[in-house]
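Engineer: First the structure, which I've put down as structure tokens, then a few questions once you've had a look.
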Amino acid sequence: MPQITIQNISNKTIRFTDPSKTMLQIFQENKQDWMHACGGNGRCTTCKMEVVEGGDYLSDYSRPEEKLLESGRLKKGERLACQTKLSQAPATGALTICVPEENKLPHITYTN
């Protein structure tokens, strides 16, 4: 079963079966709290994630992501969980992400 590793949440592993869903949907289905203020419309950057490894498995940048990249609100290597899908299901451990410092939730314990 494909999985996503969240490096700075103690290498938490999230398993999923439907790679056609957004990363945010996968997090929500797996009861992983992930900040998202605009309702998944790609208008803010609160659901931002840093891609550590496996970026090749992700969909192309969406139009909202491209606009945020152009304005400097999103950096290379950062993606919006509400816009990003897996273009193919990664092998075990192939996709590793981190929660950026500015998007950390206060009730979650983060690791280095």
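How things are named: the first chain in the structure tokens is A, the next is B, and so on; residues count from 1 in each chain; ligands count from 1 in the order shown.
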If you run DSSP on the backbone, which residues of chain A are strand (DSSP E or B), as a list in words?
Structural biologist: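 Strand (DSSP E or B) members of chain A, listed: Gln3, Ile4, Thr5, Ile6, Lys12, Thr13, Ile14, Arg15, Thr22, Lys48, Met49, Glu50, Val51, Val52, Glu53, Leu58, Glu78, Arg79, Leu80, Lys85, Leu86, Leu95, Thr96, Ile97 and Cys98 of chain A.
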Engineer: Give me, as JSON, numbers by chain, all polymer residues having an atom no more than 10 Å from Lys31 of chain A, counting only C-alpha atoms and skipping those fewer than 5 positions away in the same chain.
Structural biologist: {"A": [14, 25, 26]}
Engineer: From the options A:Lys85, A:Gly39, A:Arg73, A:Thr111, which residue's atoms come nearest to Tyr61 of chain A, counting only C-alpha atoms?
Structural biologist: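 Among the listed residues, the smallest separation from Tyr61 of chain A belongs to A:Lys85.
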Engineer: Write out as an NGL selection string which residues come within 9 Å of Thr22 of chain A when counting only C-alpha atoms, dropping same-chain ones fewer than 3 positions away.
Structural biologist: :A and (19 or 25-27 or 81-86)
Engineer: When you count only C-alpha atoms, which of these residues is closest to Lys104 of chain A: A:Gln28, A:Ser62, A:Thr5, A:Thr46?
Structural biologist: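 Among the listed residues, A:Thr46 lies closest to Lys104 of chain A.
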Engineer: Smallest atom-to-atom distance to Val99 of chain A: which of A:Ala37, A:Met23, A:Ile4, A:Cys47, using only C-alpha atoms?
Structural biologist: A:Cys47
Engineer: Quick one: DSSP helix (DSSP H, G or I) residues in segment 13-54 of chain A, as number ranges by chain?
Structural biologist: A: 23-29
Engineer: Once you have the residues from the selection above, write them out as a short mmCIF file (atom, residue, chain, number, x, y, z; two decimals), in the first residue's frame, restricted to C-alpha atoms.
Structural biologist:
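The resulting file, result07.cif, is reproduced below:
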data_model
loop_
_atom_site.label_atom_id
_atom_site.label_comp_id
_atom_site.auth_asym_id
_atom_site.auth_seq_id
_atom_site.Cartn_x
_atom_site.Cartn_y
_atom_site.Cartn_z
CA MET A 23 -2.98 15.35 -0.26
CA LEU A 24 -5.30 17.30 2.04
CA GLN A 25 -8.10 14.79 1.44
CA ILE A 26 -5.70 11.93 2.18
CA PHE A 27 -4.62 13.64 5.43
CA GLN A 28 -8.23 14.20 6.47
CA GLU A 29 -9.26 10.61 5.71
#
Engineer: Between A:Gln3, A:Tyr57, A:Thr17, A:Pro64, which has the minimum distance to Gly40 of chain A (counting only C-alpha atoms)?
Structural biologist: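 Closest to Gly40 of chain A, using only C-alpha atoms: A:Pro64.
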Engineer: From the set A:Leu95, A:Thr109, A:Glu101, A:Glu70, which residue has the shortest atom-to-atom contact distance to Arg15 of chain A, counting only C-alpha atoms?
Structural biologist: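 So, comparing all the options, the nearest one is A:Leu95.
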Engineer: When distances are computed from only C-alpha atoms, which of A:Lys48, A:Arg79, A:His107, A:Arg63 shows the smallest separation from Asp33 of chain A?
Structural biologist: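 The answer is A:His107, which sits nearest to Asp33 of chain A.
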Engineer: Considering only C-alpha atoms, return as a PyMOL selection string whatever protein or nucleic-acid residues lie within 10 Å of Ser87 of chain A, sequence-local ones (same chain, fewer than 3 positions apart) excluded.
Structural biologist: chain A and resi 19-20+55-60+84+90
Engineer: Kindly export the residues of the current selection with N, CA and C atoms, as a compact mmCIF listing (two decimals), in the first residue's frame.
Structural biologist:
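Okay, this is what ended up in part-v7.txt:
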# COMPACT_ATOMS: atom_id res chain seq x y z
N PRO A 19 -4.89 7.39 -5.04
CA PRO A 19 -3.98 8.49 -5.35
C PRO A 19 -4.62 9.61 -6.18
N SER A 20 -5.91 9.48 -6.52
CA SER A 20 -6.56 10.56 -7.28
C SER A 20 -7.04 11.69 -6.36
N GLY A 55 9.15 14.18 -4.96
CA GLY A 55 8.40 15.19 -5.70
C GLY A 55 8.00 14.75 -7.10
N ASP A 56 8.74 13.80 -7.65
CA ASP A 56 8.41 13.29 -8.99
C ASP A 56 7.07 12.55 -9.01
N TYR A 57 6.61 12.12 -7.84
CA TYR A 57 5.35 11.40 -7.76
C TYR A 57 4.15 12.33 -7.73
N LEU A 58 4.40 13.64 -7.62
CA LEU A 58 3.31 14.60 -7.46
C LEU A 58 2.84 15.17 -8.78
N SER A 59 1.59 15.61 -8.78
CA SER A 59 1.01 16.24 -9.97
C SER A 59 1.76 17.52 -10.31
N ASP A 60 1.56 18.02 -11.53
CA ASP A 60 2.12 19.31 -11.91
C ASP A 60 1.51 20.39 -11.04
N THR A 84 -2.42 19.56 -4.53
CA THR A 84 -1.49 18.54 -4.98
C THR A 84 -2.07 17.15 -4.89
N PRO A 90 3.35 6.21 -5.05
CA PRO A 90 4.75 5.93 -4.76
C PRO A 90 4.93 4.58 -4.08
Engineer: Which residues, written as a ChimeraX atom specification, have at least one atom at most 8 Å from Thr96 of chain A, with only C-alpha atoms counted and residues fewer than 6 positions away on the same chain left out?
Structural biologist: /A:4-7,51-54
Engineer: Take the residues from that selection and write them out as a PDB file, in the first residue's frame, keeping N, CA and C atoms.
Structural biologist:
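And here's part.pdb as it stands now:
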ATOM      1  N   ILE A   4       2.780   7.988   2.651  1.00  0.00           N
ATOM      2  CA  ILE A   4       3.396   9.301   2.746  1.00  0.00           C
ATOM      3  C   ILE A   4       4.025   9.366   4.133  1.00  0.00           C
ATOM      4  N   THR A   5       5.243   9.854   4.224  1.00  0.00           N
ATOM      5  CA  THR A   5       5.896  10.033   5.512  1.00  0.00           C
ATOM      6  C   THR A   5       5.979  11.516   5.819  1.00  0.00           C
ATOM      7  N   ILE A   6       5.514  11.908   7.007  1.00  0.00           N
ATOM      8  CA  ILE A   6       5.625  13.292   7.454  1.00  0.00           C
ATOM      9  C   ILE A   6       6.817  13.337   8.401  1.00  0.00           C
ATOM     10  N   GLN A   7       7.923  13.829   7.886  1.00  0.00           N
ATOM     11  CA  GLN A   7       9.203  13.745   8.576  1.00  0.00           C
ATOM     12  C   GLN A   7       9.198  14.424   9.945  1.00  0.00           C
ATOM     13  N   VAL A  51       8.260  19.465   0.289  1.00  0.00           N
ATOM     14  CA  VAL A  51       8.544  18.141  -0.254  1.00  0.00           C
ATOM     15  C   VAL A  51      10.022  17.841  -0.020  1.00  0.00           C
ATOM     16  N   VAL A  52      10.283  16.803   0.748  1.00  0.00           N
ATOM     17  CA  VAL A  52      11.646  16.399   1.083  1.00  0.00           C
ATOM     18  C   VAL A  52      12.169  15.400   0.063  1.00  0.00           C
ATOM     19  N   GLU A  53      11.315  14.451  -0.276  1.00  0.00           N
ATOM     20  CA  GLU A  53      11.699  13.382  -1.208  1.00  0.00           C
ATOM     21  C   GLU A  53      10.456  12.886  -1.940  1.00  0.00           C
ATOM     22  N   GLY A  54      10.609  12.572  -3.208  1.00  0.00           N
ATOM     23  CA  GLY A  54       9.517  11.979  -3.973  1.00  0.00           C
ATOM     24  C   GLY A  54       8.664  12.971  -4.742  1.00  0.00           C
TER      25      GLY A  54
END
Engineer: What is the distance, in Å and to one decimal place, between atom CA of Gly42 of chain A and atom CA of Lys12 of chain A?
Structural biologist: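 Between atom CA of Gly42 of chain A and atom CA of Lys12 of chain A the gap is 24.8 Å.
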Engineer: Can you tell me how far atom CA of Cys38 of chain A sits from atom CA of Leu68 of chain A, in Å to one decimal?
Structural biologist: 14.0 Å
Engineer: How far is it from atom CA of Ile9 of chain A to atom CA of Cys98 of chain A, in Å with one decimal?
Structural biologist: 7.8 Å
